[in-house]
>>> print(open('structure-v8.pdb').read())   # PDB, C-alpha atoms, pLDDT in the B column
ATOM      1  CA  MET O   1       8.256  -5.474  -7.692  1.00 23.00           C
ATOM      2  CA  LEU O   2       5.375  -3.364  -6.536  1.00 25.00           C
ATOM      3  CA  LEU O   3       5.536  -1.855  -3.093  1.00 28.00           C
ATOM      4  CA  PHE O   4       2.615  -0.441  -1.198  1.00 35.00           C
ATOM      5  CA  GLU O   5       3.620   2.202   1.288  1.00 33.00           C
ATOM      6  CA  LEU O   6       1.503   2.753   4.370  1.00 39.00           C
ATOM      7  CA  ASN O   7       1.282   6.170   5.988  1.00 33.00           C
ATOM      8  CA  ASN O   8       4.741   7.545   6.710  1.00 28.00           C
ATOM      9  CA  TYR O   9       4.295   7.412  10.468  1.00 26.00           C
ATOM     10  CA  PHE O  10       3.888   3.624  10.302  1.00 32.00           C
ATOM     11  CA  ASN O  11       7.280   3.137   8.604  1.00 30.00           C
ATOM     12  CA  ALA O  12       5.918  -0.097   7.186  1.00 33.00           C
ATOM     13  CA  ARG O  13       5.958  -1.624   3.730  1.00 32.00           C
ATOM     14  CA  CYS O  14       4.322  -4.641   2.213  1.00 38.00           C
ATOM     15  CA  THR O  15       5.452  -6.698  -0.720  1.00 34.00           C
ATOM     16  CA  ILE O  16       2.623  -7.417  -3.108  1.00 36.00           C
ATOM     17  CA  GLY O  17       4.299  -9.829  -5.505  1.00 37.00           C
ATOM     18  CA  GLU O  18       5.301 -12.354  -2.875  1.00 38.00           C
ATOM     19  CA  MET O  19       1.744 -12.792  -1.599  1.00 44.00           C
ATOM     20  CA  MET O  20      -0.041 -13.031  -4.941  1.00 45.00           C
ATOM     21  CA  SER O  21      -0.096 -15.892  -7.387  1.00 47.00           C
ATOM     22  CA  THR O  22       2.303 -15.841 -10.310  1.00 36.00           C
ATOM     23  CA  GLU O  23      -0.264 -14.357 -12.665  1.00 48.00           C
ATOM     24  CA  ASP O  24      -0.007 -10.606 -13.165  1.00 52.00           C
ATOM     25  CA  ARG O  25      -2.640  -8.629 -11.343  1.00 61.00           C
ATOM     26  CA  VAL O  26      -3.576  -5.019 -11.751  1.00 73.00           C
ATOM     27  CA  GLU O  27      -5.231  -3.034  -9.015  1.00 79.00           C
ATOM     28  CA  ASP O  28      -8.468  -1.402 -10.040  1.00 86.00           C
ATOM     29  CA  GLU O  29     -10.192   1.557  -8.390  1.00 91.00           C
ATOM     30  CA  GLU O  30     -11.954  -0.705  -5.874  1.00 91.00           C
ATOM     31  CA  ASP O  31      -8.628  -2.230  -4.803  1.00 92.00           C
ATOM     32  CA  LEU O  32      -7.079   1.204  -4.425  1.00 94.00           C
ATOM     33  CA  GLU O  33     -10.010   2.395  -2.299  1.00 96.00           C
ATOM     34  CA  ASN O  34      -9.599  -0.650  -0.029  1.00 96.00           C
ATOM     35  CA  ASP O  35      -5.839   0.028   0.178  1.00 96.00           C
ATOM     36  CA  LYS O  36      -6.504   3.616   1.214  1.00 96.00           C
ATOM     37  CA  TRP O  37      -9.057   2.491   3.819  1.00 96.00           C
ATOM     38  CA  VAL O  38      -6.563   0.003   5.300  1.00 97.00           C
ATOM     39  CA  GLU O  39      -3.947   2.773   5.497  1.00 95.00           C
ATOM     40  CA  GLU O  40      -6.344   5.132   7.245  1.00 96.00           C
ATOM     41  CA  ASN O  41      -7.558   2.465   9.692  1.00 96.00           C
ATOM     42  CA  PHE O  42      -4.290   0.611  10.158  1.00 95.00           C
ATOM     43  CA  LEU O  43      -3.873   1.206  13.907  1.00 94.00           C
ATOM     44  CA  ARG O  44      -7.426   0.046  14.619  1.00 96.00           C
ATOM     45  CA  LEU O  45      -6.872  -3.028  12.443  1.00 97.00           C
ATOM     46  CA  VAL O  46      -3.670  -3.878  14.350  1.00 96.00           C
ATOM     47  CA  GLN O  47      -5.576  -3.615  17.622  1.00 95.00           C
ATOM     48  CA  ALA O  48      -8.532  -5.696  16.434  1.00 97.00           C
ATOM     49  CA  TYR O  49      -6.812  -8.273  14.186  1.00 97.00           C
ATOM     50  CA  PRO O  50      -3.159  -8.722  15.238  1.00 96.00           C
ATOM     51  CA  ARG O  51      -1.358 -11.387  13.181  1.00 96.00           C
ATOM     52  CA  GLU O  52      -4.523 -12.182  11.247  1.00 98.00           C
ATOM     53  CA  TRP O  53      -5.622 -11.956   7.636  1.00 98.00           C
ATOM     54  CA  VAL O  54      -8.615  -9.735   6.904  1.00 98.00           C
ATOM     55  CA  ALA O  55     -10.871  -9.650   3.860  1.00 98.00           C
ATOM     56  CA  VAL O  56     -11.925  -6.110   2.958  1.00 98.00           C
ATOM     57  CA  MET O  57     -14.738  -5.164   0.597  1.00 97.00           C
ATOM     58  CA  ASP O  58     -16.196  -1.689   0.112  1.00 96.00           C
ATOM     59  CA  GLN O  59     -13.837  -0.308   2.762  1.00 96.00           C
ATOM     60  CA  ARG O  60     -14.955  -2.597   5.574  1.00 96.00           C
ATOM     61  CA  VAL O  61     -13.756  -5.877   7.080  1.00 98.00           C
ATOM     62  CA  VAL O  62     -15.862  -8.797   5.887  1.00 97.00           C
ATOM     63  CA  CYS O  63     -14.093 -11.461   7.950  1.00 98.00           C
ATOM     64  CA  SER O  64     -10.733 -12.462   9.394  1.00 98.00           C
ATOM     65  CA  GLY O  65      -8.731 -15.631   9.851  1.00 98.00           C
ATOM     66  CA  ILE O  66      -5.389 -17.058  10.872  1.00 97.00           C
ATOM     67  CA  THR O  67      -4.358 -18.078   7.355  1.00 97.00           C
ATOM     68  CA  GLU O  68      -4.812 -16.451   3.979  1.00 97.00           C
ATOM     69  CA  SER O  69      -6.651 -19.479   2.591  1.00 97.00           C
ATOM     70  CA  GLU O  70      -9.003 -19.670   5.595  1.00 98.00           C
ATOM     71  CA  THR O  71      -9.865 -15.984   5.259  1.00 98.00           C
ATOM     72  CA  ASP O  72     -10.331 -16.262   1.505  1.00 97.00           C
ATOM     73  CA  SER O  73     -12.668 -19.224   1.962  1.00 97.00           C
ATOM     74  CA  LYS O  74     -14.717 -17.467   4.669  1.00 98.00           C
ATOM     75  CA  ALA O  75     -15.042 -14.319   2.549  1.00 97.00           C
ATOM     76  CA  ARG O  76     -16.199 -16.273  -0.513  1.00 97.00           C
ATOM     77  CA  LYS O  77     -18.898 -17.963   1.600  1.00 97.00           C
ATOM     78  CA  ILE O  78     -20.076 -14.600   2.926  1.00 97.00           C
ATOM     79  CA  ILE O  79     -19.992 -12.489  -0.226  1.00 94.00           C
ATOM     80  CA  GLY O  80     -19.923 -15.012  -3.054  1.00 94.00           C
ATOM     81  CA  ALA O  81     -18.285 -13.969  -6.301  1.00 92.00           C
ATOM     82  CA  ARG O  82     -17.951 -10.273  -5.455  1.00 94.00           C
ATOM     83  CA  LYS O  83     -14.421  -8.913  -5.416  1.00 93.00           C
ATOM     84  CA  PHE O  84     -12.569  -8.321  -2.134  1.00 95.00           C
ATOM     85  CA  SER O  85      -9.006  -7.682  -0.992  1.00 95.00           C
ATOM     86  CA  LEU O  86      -6.944  -9.709   1.481  1.00 96.00           C
ATOM     87  CA  TYR O  87      -4.483  -8.095   3.890  1.00 97.00           C
ATOM     88  CA  PHE O  88      -2.182  -9.493   6.560  1.00 97.00           C
ATOM     89  CA  ILE O  89      -2.259  -7.377   9.721  1.00 96.00           C
ATOM     90  CA  PRO O  90       0.944  -7.531  11.805  1.00 95.00           C
ATOM     91  CA  SER O  91       1.001  -7.576  15.597  1.00 91.00           C
ATOM     92  CA  THR O  92       2.477  -4.074  15.804  1.00 84.00           C
ATOM     93  CA  PRO O  93       2.127  -0.972  13.620  1.00 71.00           C
ATOM     94  CA  THR O  94       5.887  -0.891  13.060  1.00 64.00           C
ATOM     95  CA  GLY O  95       6.046  -4.310  11.390  1.00 48.00           C
ATOM     96  CA  THR O  96       7.657  -4.539   7.972  1.00 51.00           C
ATOM     97  CA  ASP O  97       5.656  -7.450   6.632  1.00 46.00           C
ATOM     98  CA  VAL O  98       2.182  -5.963   6.171  1.00 50.00           C
ATOM     99  CA  SER O  99       1.173  -8.026   3.150  1.00 54.00           C
ATOM    100  CA  TYR O 100      -1.916  -8.333   1.077  1.00 51.00           C
ATOM    101  CA  ALA O 101      -3.294 -10.029  -1.989  1.00 55.00           C
ATOM    102  CA  HIS O 102      -6.301  -9.370  -4.190  1.00 52.00           C
TER     103      HIS O 102
END
>>> encode(input="structure-v8.pdb", output="structure tokens")
Amino acid sequence: MLLFELNNYFNARCTIGEMMSTEDRVEDEEDLENDKWVEENFLRLVQAYPREWVAVMDQRVVCSGITESETDSKARKIIGARKFSLYFIPSTPTGTDVSYAH
């Protein structure tokens, strides 16, 4: 199972496989850039979007929502068929369930 490790001072991990569909997915350069941006901006994201899903494209938040499906739907309406990444933002920076899906 793939694990995505946030900056060491967060002591947080997220499980990719559990949040994605059963089909295999490979992260491309765009995904990795979004991952890095989320890492670097994690504390601000926790403050702005606690316990919410965020859609990130080109290293910026496109929209947020309470559920993954709501956020996915909002993002698709805003940006159409362009690729984006979904992340769950916990209520504290020490949470262990920071999850995301692409």
>>> resolve_selection(input="structure-v8.pdb", expression="the PyMOL selection byres ((chain O and resi 63) around 10)", output="list in words")
Trp53, Val54, Ala55, Val56, Met57, Arg60, Val61, Val62, Ser64, Gly65, Glu70, Thr71, Asp72, Ser73, Lys74, Ala75, Arg76, Ile78 and Leu86 of chain O
>>> axis_aligned_box(input="structure-v8.pdb", around="range 28-40 of chain O", padding_each_side="3 Å", output="JSON")
{"center_x": -8.0, "center_y": 1.5, "center_z": -1.4, "size_x": 14.0, "size_y": 13.4, "size_z": 23.3}
>>> atom_distance(input="structure-v8.pdb", atom1="CA of Pro50 in chain O", atom2="CA of Tyr87 in chain O")
11.4 Å
>>> atom_distance(input="structure-v8.pdb", atom1="CA of Phe42 in chain O", atom2="CA of Pro90 in chain O")
9.8 Å
>>> atom_distance(input="structure-v8.pdb", atom1="CA of Ala48 in chain O", atom2="CA of Val26 in chain O")
28.6 Å
>>> resolve_selection(input="structure-v8.pdb", expression="the PyMOL selection byres ((chain O and resi 91) around 10)", output="mmCIF file with C-alpha atoms, in the frame of the given file")
data_model
loop_
_atom_site.group_PDB
_atom_site.id
_atom_site.type_symbol
_atom_site.label_atom_id
_atom_site.label_comp_id
_atom_site.auth_asym_id
_atom_site.auth_seq_id
_atom_site.Cartn_x
_atom_site.Cartn_y
_atom_site.Cartn_z
ATOM 1 C CA LEU O 45 -6.872 -3.028 12.443
ATOM 2 C CA VAL O 46 -3.670 -3.878 14.350
ATOM 3 C CA GLN O 47 -5.576 -3.615 17.622
ATOM 4 C CA ALA O 48 -8.532 -5.696 16.434
ATOM 5 C CA TYR O 49 -6.812 -8.273 14.186
ATOM 6 C CA PRO O 50 -3.159 -8.722 15.238
ATOM 7 C CA ARG O 51 -1.358 -11.387 13.181
ATOM 8 C CA GLU O 52 -4.523 -12.182 11.247
ATOM 9 C CA PHE O 88 -2.182 -9.493 6.560
ATOM 10 C CA ILE O 89 -2.259 -7.377 9.721
ATOM 11 C CA PRO O 90 0.944 -7.531 11.805
ATOM 12 C CA THR O 92 2.477 -4.074 15.804
ATOM 13 C CA PRO O 93 2.127 -0.972 13.620
ATOM 14 C CA THR O 94 5.887 -0.891 13.060
ATOM 15 C CA GLY O 95 6.046 -4.310 11.390
ATOM 16 C CA VAL O 98 2.182 -5.963 6.171
#
>>> residues_around(input="structure-v8.pdb", residues="Glu30 in chain O", least_positions_apart="3", cutoff="10 Å", atoms="all atoms listed in the file", output="list in words")
Glu27, Glu33, Asn34, Asp35, Lys36, Met57, Asp58, Gln59, Lys83, Phe84 and Ser85 of chain O
>>> write_last_selection(input="structure-v8.pdb", atoms="C-alpha atoms", output="PDB file, in the frame of the given file")
ATOM      1  CA  GLU O  27      -5.231  -3.034  -9.015  1.00 79.00           C
ATOM      2  CA  GLU O  33     -10.010   2.395  -2.299  1.00 96.00           C
ATOM      3  CA  ASN O  34      -9.599  -0.650  -0.029  1.00 96.00           C
ATOM      4  CA  ASP O  35      -5.839   0.028   0.178  1.00 96.00           C
ATOM      5  CA  LYS O  36      -6.504   3.616   1.214  1.00 96.00           C
ATOM      6  CA  MET O  57     -14.738  -5.164   0.597  1.00 97.00           C
ATOM      7  CA  ASP O  58     -16.196  -1.689   0.112  1.00 96.00           C
ATOM      8  CA  GLN O  59     -13.837  -0.308   2.762  1.00 96.00           C
ATOM      9  CA  LYS O  83     -14.421  -8.913  -5.416  1.00 93.00           C
ATOM     10  CA  PHE O  84     -12.569  -8.321  -2.134  1.00 95.00           C
ATOM     11  CA  SER O  85      -9.006  -7.682  -0.992  1.00 95.00           C
TER      12      SER O  85
END
>>> build_atoms(input="structure-v8.pdb", residues="range 68-85 of chain O", atoms="N, CA and C atoms", output="PDB file, in the coordinates of the input")
ATOM      1  N   GLU O  68      -4.267 -17.106   5.165  1.00 97.00           N
ATOM      2  CA  GLU O  68      -4.812 -16.451   3.979  1.00 97.00           C
ATOM      3  C   GLU O  68      -5.914 -17.302   3.353  1.00 97.00           C
ATOM      4  N   SER O  69      -5.666 -18.605   3.233  1.00 97.00           N
ATOM      5  CA  SER O  69      -6.651 -19.479   2.591  1.00 97.00           C
ATOM      6  C   SER O  69      -7.939 -19.586   3.415  1.00 97.00           C
ATOM      7  N   GLU O  70      -7.820 -19.627   4.729  1.00 98.00           N
ATOM      8  CA  GLU O  70      -9.003 -19.670   5.595  1.00 98.00           C
ATOM      9  C   GLU O  70      -9.843 -18.400   5.419  1.00 98.00           C
ATOM     10  N   THR O  71      -9.173 -17.268   5.391  1.00 98.00           N
ATOM     11  CA  THR O  71      -9.865 -15.984   5.259  1.00 98.00           C
ATOM     12  C   THR O  71     -10.507 -15.857   3.888  1.00 98.00           C
ATOM     13  N   ASP O  72      -9.794 -16.285   2.860  1.00 97.00           N
ATOM     14  CA  ASP O  72     -10.331 -16.262   1.505  1.00 97.00           C
ATOM     15  C   ASP O  72     -11.589 -17.125   1.414  1.00 97.00           C
ATOM     16  N   SER O  73     -11.531 -18.311   1.986  1.00 97.00           N
ATOM     17  CA  SER O  73     -12.668 -19.224   1.962  1.00 97.00           C
ATOM     18  C   SER O  73     -13.869 -18.650   2.709  1.00 97.00           C
ATOM     19  N   LYS O  74     -13.630 -18.087   3.895  1.00 98.00           N
ATOM     20  CA  LYS O  74     -14.717 -17.467   4.669  1.00 98.00           C
ATOM     21  C   LYS O  74     -15.367 -16.336   3.884  1.00 98.00           C
ATOM     22  N   ALA O  75     -14.523 -15.483   3.289  1.00 97.00           N
ATOM     23  CA  ALA O  75     -15.042 -14.319   2.549  1.00 97.00           C
ATOM     24  C   ALA O  75     -15.889 -14.768   1.367  1.00 97.00           C
ATOM     25  N   ARG O  76     -15.441 -15.784   0.647  1.00 97.00           N
ATOM     26  CA  ARG O  76     -16.199 -16.273  -0.513  1.00 97.00           C
ATOM     27  C   ARG O  76     -17.559 -16.832  -0.083  1.00 97.00           C
ATOM     28  N   LYS O  77     -17.620 -17.461   1.092  1.00 97.00           N
ATOM     29  CA  LYS O  77     -18.898 -17.963   1.600  1.00 97.00           C
ATOM     30  C   LYS O  77     -19.838 -16.826   1.979  1.00 97.00           C
ATOM     31  N   ILE O  78     -19.264 -15.738   2.486  1.00 97.00           N
ATOM     32  CA  ILE O  78     -20.076 -14.600   2.926  1.00 97.00           C
ATOM     33  C   ILE O  78     -20.553 -13.753   1.757  1.00 97.00           C
ATOM     34  N   ILE O  79     -19.645 -13.443   0.831  1.00 94.00           N
ATOM     35  CA  ILE O  79     -19.992 -12.489  -0.226  1.00 94.00           C
ATOM     36  C   ILE O  79     -20.059 -13.084  -1.624  1.00 94.00           C
ATOM     37  N   GLY O  80     -19.811 -14.369  -1.745  1.00 94.00           N
ATOM     38  CA  GLY O  80     -19.923 -15.012  -3.054  1.00 94.00           C
ATOM     39  C   GLY O  80     -18.843 -14.581  -4.028  1.00 94.00           C
ATOM     40  N   ALA O  81     -19.240 -14.265  -5.230  1.00 92.00           N
ATOM     41  CA  ALA O  81     -18.285 -13.969  -6.301  1.00 92.00           C
ATOM     42  C   ALA O  81     -17.846 -12.508  -6.341  1.00 92.00           C
ATOM     43  N   ARG O  82     -18.363 -11.690  -5.455  1.00 94.00           N
ATOM     44  CA  ARG O  82     -17.951 -10.273  -5.455  1.00 94.00           C
ATOM     45  C   ARG O  82     -16.477 -10.157  -5.113  1.00 94.00           C
ATOM     46  N   LYS O  83     -15.844  -9.113  -5.604  1.00 93.00           N
ATOM     47  CA  LYS O  83     -14.421  -8.913  -5.416  1.00 93.00           C
ATOM     48  C   LYS O  83     -14.118  -8.350  -4.030  1.00 93.00           C
ATOM     49  N   PHE O  84     -13.039  -8.828  -3.424  1.00 95.00           N
ATOM     50  CA  PHE O  84     -12.569  -8.321  -2.134  1.00 95.00           C
ATOM     51  C   PHE O  84     -11.049  -8.363  -2.128  1.00 95.00           C
ATOM     52  N   SER O  85     -10.459  -7.728  -1.135  1.00 95.00           N
ATOM     53  CA  SER O  85      -9.006  -7.682  -0.992  1.00 95.00           C
ATOM     54  C   SER O  85      -8.605  -8.363   0.308  1.00 95.00           C
TER      55      SER O  85
END
